[in-house]
Amino acid sequence: MAIKAKKLQPAKTAAIEDAKKALTGYNDFIFADYRGLTVEQITDLRKKLREKDSQFKVVKNNFVRIAFEDLKINNVADYLKGPTAIAMVREDSNEVAKIMFDFAKEVPALSIKGAFVGKEVFDVAKIEAYSKVPGKKQLIAMLMSAINGPARQLAATLQAYAEKKQQEAPAADAPKA
């Protein structure tokens with residue numbers, strides 16, 4: 001539970017509003033402990049996440065906790081302890097999680113704490129399992145390939161049949177000796 005003072009200082013109120021603005025527009029959030037990462041490593045991770053239309057922000061826990069409560073996103077306070085950075089995701093959160101877990105293998109200083117995905121709180125094990133599921137675009141491609149395979153096979157069979165009939169037709173039209 002976030003602590004709200006009865007009389008907030010204007011700077012803190014502005015910081016909470018900034019946190020709310022930063023969180024708005026994103027559907028899913030992956031929480032991580034960034035302690036021990038160098039600036040270059042954080043920059044590299046941010047670059048990888050930007051390719052997936054995501055952001056990686058270091059946050060002030062109390063301000064973000066209040067912002068999450070104001071946005072009616074509950075049960076994430078447990079992940080807002082200690083140094084925290086949030087990967088904010090618009091779509092394909094499993095692909096972003098995969099990037100983060102792959103990065104954590106390369107740089108063990110990055111530690112995934114948990115996530116808020118699809119209005120559900122995920123612990124580390126669940127978000128890691130979720131990261132191994134193919135993304136939405138990959139699933140669509142797999143479905144289209146499965147649908148396209150039989151159609152392609154049918155077209156090839158019909159083409160072979162037409163070519164066979166075409167080869168037989170001239171032989172039938174030839175004069176008999």
# chains A, B, ... in the order shown; residues from 1 in each chain; ligands from 1
>>> select_by_dssp(residues="chain A", states="strand (DSSP E or B)", output="compact mmCIF listing (two decimals) with C-alpha atoms, in the first residue's frame")
# COMPACT_ATOMS: atom_id res chain seq x y z
CA ASP A 28 1.70 -4.84 -19.82
CA PHE A 29 4.58 -4.23 -17.43
CA ILE A 30 7.61 -6.36 -16.62
CA PHE A 31 9.45 -5.47 -13.41
CA ALA A 32 13.19 -5.96 -13.03
CA ASP A 33 16.02 -5.24 -10.63
CA SER A 54 8.51 -0.97 -25.58
CA GLN A 55 10.32 1.19 -23.08
CA PHE A 56 12.58 0.36 -20.17
CA LYS A 57 12.40 2.97 -17.41
CA VAL A 58 14.06 3.21 -14.06
CA VAL A 59 11.37 4.34 -11.61
CA THR A 84 13.25 -1.16 -9.93
CA ALA A 85 13.02 -0.68 -13.66
CA ILE A 86 9.89 -1.37 -15.67
CA ALA A 87 9.65 -2.66 -19.23
CA MET A 88 6.44 -1.09 -20.49
CA VAL A 89 4.86 -3.06 -23.34
CA SER A 111 16.95 -9.86 -12.41
CA ILE A 112 13.31 -10.18 -13.48
CA LYS A 113 10.99 -9.71 -10.50
CA GLY A 114 7.61 -10.40 -12.09
CA ALA A 115 5.05 -8.89 -14.44
CA PHE A 116 1.57 -7.54 -14.95
CA VAL A 117 0.28 -9.03 -18.21
CA GLU A 120 -3.00 -10.60 -14.33
CA VAL A 121 0.06 -10.62 -12.08
CA PHE A 122 2.78 -13.08 -13.11
>>> closest_atom_pairs(of="segment 79-168 of chain A", to="segment 37-44 of chain A", cutoff="9 Å", atoms="only C-alpha atoms", output="tab-separated table")
residue	atom	partner	partner_atom	distance
A:Val107	CA	A:Leu37	CA	7.9
A:Pro108	CA	A:Leu37	CA	8.9
A:Ala109	CA	A:Leu37	CA	5.9
A:Leu110	CA	A:Leu37	CA	6.8
>>> write_last_selection(atoms="all heavy atoms", output="compact mmCIF listing (two decimals), in the first residue's frame")
# COMPACT_ATOMS: atom_id res chain seq x y z
N VAL A 107 23.75 -11.06 -19.14
CA VAL A 107 24.15 -10.14 -18.08
C VAL A 107 23.39 -10.52 -16.81
O VAL A 107 22.27 -10.07 -16.58
CB VAL A 107 23.82 -8.67 -18.48
CG1 VAL A 107 24.31 -7.71 -17.41
CG2 VAL A 107 24.40 -8.32 -19.83
N PRO A 108 23.97 -11.37 -15.98
CA PRO A 108 23.26 -11.88 -14.79
C PRO A 108 22.85 -10.80 -13.79
O PRO A 108 22.04 -11.07 -12.92
CB PRO A 108 24.26 -12.84 -14.16
CG PRO A 108 25.25 -13.15 -15.22
CD PRO A 108 25.27 -11.98 -16.14
N ALA A 109 23.36 -9.59 -13.92
CA ALA A 109 22.99 -8.52 -12.99
C ALA A 109 21.52 -8.14 -13.15
O ALA A 109 20.90 -7.66 -12.20
CB ALA A 109 23.87 -7.29 -13.22
N LEU A 110 20.94 -8.36 -14.33
CA LEU A 110 19.53 -8.07 -14.54
C LEU A 110 18.71 -9.21 -13.95
O LEU A 110 18.92 -10.38 -14.26
CB LEU A 110 19.20 -7.93 -16.03
CG LEU A 110 17.74 -7.61 -16.35
CD1 LEU A 110 17.38 -6.21 -15.88
CD2 LEU A 110 17.46 -7.76 -17.83
>>> atom_distance(atom1="atom CA of Glu51 of chain A", atom2="atom CA of Ala125 of chain A")
24.8 Å
>>> closest_atom_pairs(of="segment 36-114 of chain A", to="segment 19-23 of chain A", cutoff="8 Å", atoms="only C-alpha atoms", output="JSON lines")
{"residue": "A:Phe63", "atom": "CA", "partner": "A:Ala19", "partner_atom": "CA", "distance": 6.8}
{"residue": "A:Val64", "atom": "CA", "partner": "A:Ala19", "partner_atom": "CA", "distance": 5.8}
{"residue": "A:Ala67", "atom": "CA", "partner": "A:Lys20", "partner_atom": "CA", "distance": 5.0}
{"residue": "A:Phe68", "atom": "CA", "partner": "A:Lys20", "partner_atom": "CA", "distance": 7.3}
{"residue": "A:Asp70", "atom": "CA", "partner": "A:Lys20", "partner_atom": "CA", "distance": 8.0}
{"residue": "A:Leu71", "atom": "CA", "partner": "A:Lys20", "partner_atom": "CA", "distance": 7.5}
{"residue": "A:Met88", "atom": "CA", "partner": "A:Leu23", "partner_atom": "CA", "distance": 7.2}
>>> select_by_dssp(residues="segment 32-138 of chain A", states="helix (DSSP H, G or I)", output="VMD selection string")
chain A and resid 39 to 50 61 to 70 77 to 79 93 to 106 124 to 131 136 to 138
>>> write_last_selection(atoms="C-alpha atoms", output="mmCIF file, in the first residue's frame")
data_model
loop_
_atom_site.group_PDB
_atom_site.id
_atom_site.type_symbol
_atom_site.label_atom_id
_atom_site.label_comp_id
_atom_site.auth_asym_id
_atom_site.auth_seq_id
_atom_site.Cartn_x
_atom_site.Cartn_y
_atom_site.Cartn_z
ATOM 1 C CA VAL A 39 24.890 2.466 -18.447
ATOM 2 C CA GLU A 40 25.991 0.760 -21.683
ATOM 3 C CA GLN A 41 24.117 -2.424 -20.759
ATOM 4 C CA ILE A 42 20.929 -0.531 -19.904
ATOM 5 C CA THR A 43 21.235 1.417 -23.156
ATOM 6 C CA ASP A 44 21.672 -1.845 -25.087
ATOM 7 C CA LEU A 45 18.595 -3.358 -23.423
ATOM 8 C CA ARG A 46 16.560 -0.218 -24.116
ATOM 9 C CA LYS A 47 17.564 -0.380 -27.781
ATOM 10 C CA LYS A 48 16.438 -4.013 -28.050
ATOM 11 C CA LEU A 49 13.122 -3.238 -26.360
ATOM 12 C CA ARG A 50 12.470 -0.160 -28.516
ATOM 13 C CA ASN A 61 8.940 3.048 -6.392
ATOM 14 C CA ASN A 62 6.591 5.154 -4.260
ATOM 15 C CA PHE A 63 5.556 7.455 -7.132
ATOM 16 C CA VAL A 64 4.939 4.541 -9.475
ATOM 17 C CA ARG A 65 3.069 2.601 -6.786
ATOM 18 C CA ILE A 66 0.668 5.530 -6.366
ATOM 19 C CA ALA A 67 0.377 5.918 -10.154
ATOM 20 C CA PHE A 68 -0.502 2.215 -10.522
ATOM 21 C CA GLU A 69 -3.150 2.540 -7.804
ATOM 22 C CA ASP A 70 -4.633 5.601 -9.535
ATOM 23 C CA ALA A 77 3.377 -3.308 -5.017
ATOM 24 C CA ASP A 78 5.414 -6.444 -4.171
ATOM 25 C CA TYR A 79 7.529 -5.855 -7.283
ATOM 26 C CA SER A 93 4.686 -8.881 -24.108
ATOM 27 C CA ASN A 94 5.939 -12.455 -24.406
ATOM 28 C CA GLU A 95 8.505 -11.346 -26.997
ATOM 29 C CA VAL A 96 9.639 -8.511 -24.716
ATOM 30 C CA ALA A 97 9.885 -10.978 -21.816
ATOM 31 C CA LYS A 98 11.976 -13.279 -24.029
ATOM 32 C CA ILE A 99 14.341 -10.393 -24.838
ATOM 33 C CA MET A 100 14.671 -9.597 -21.141
ATOM 34 C CA PHE A 101 15.316 -13.216 -20.096
ATOM 35 C CA ASP A 102 17.855 -13.650 -22.913
ATOM 36 C CA PHE A 103 19.549 -10.433 -21.806
ATOM 37 C CA ALA A 104 19.541 -11.643 -18.185
ATOM 38 C CA LYS A 105 21.382 -14.810 -19.314
ATOM 39 C CA GLU A 106 24.075 -12.648 -20.938
ATOM 40 C CA VAL A 124 9.043 -14.969 -12.240
ATOM 41 C CA ALA A 125 8.347 -18.606 -13.171
ATOM 42 C CA LYS A 126 5.106 -17.757 -14.930
ATOM 43 C CA ILE A 127 6.560 -14.835 -16.921
ATOM 44 C CA GLU A 128 9.527 -17.020 -17.926
ATOM 45 C CA ALA A 129 7.163 -19.736 -19.181
ATOM 46 C CA TYR A 130 5.122 -17.052 -20.968
ATOM 47 C CA SER A 131 8.280 -15.784 -22.672
ATOM 48 C CA LYS A 136 1.011 -13.189 -31.830
ATOM 49 C CA LYS A 137 2.590 -12.569 -35.232
ATOM 50 C CA GLN A 138 4.432 -15.902 -35.111
#
>>> atom_distance(atom1="atom CA of Gly82 of chain A", atom2="atom CA of Ala15 of chain A")
18.5 Å
>>> atom_distance(atom1="atom CA of Lys119 of chain A", atom2="atom CA of Lys72 of chain A")
10.2 Å
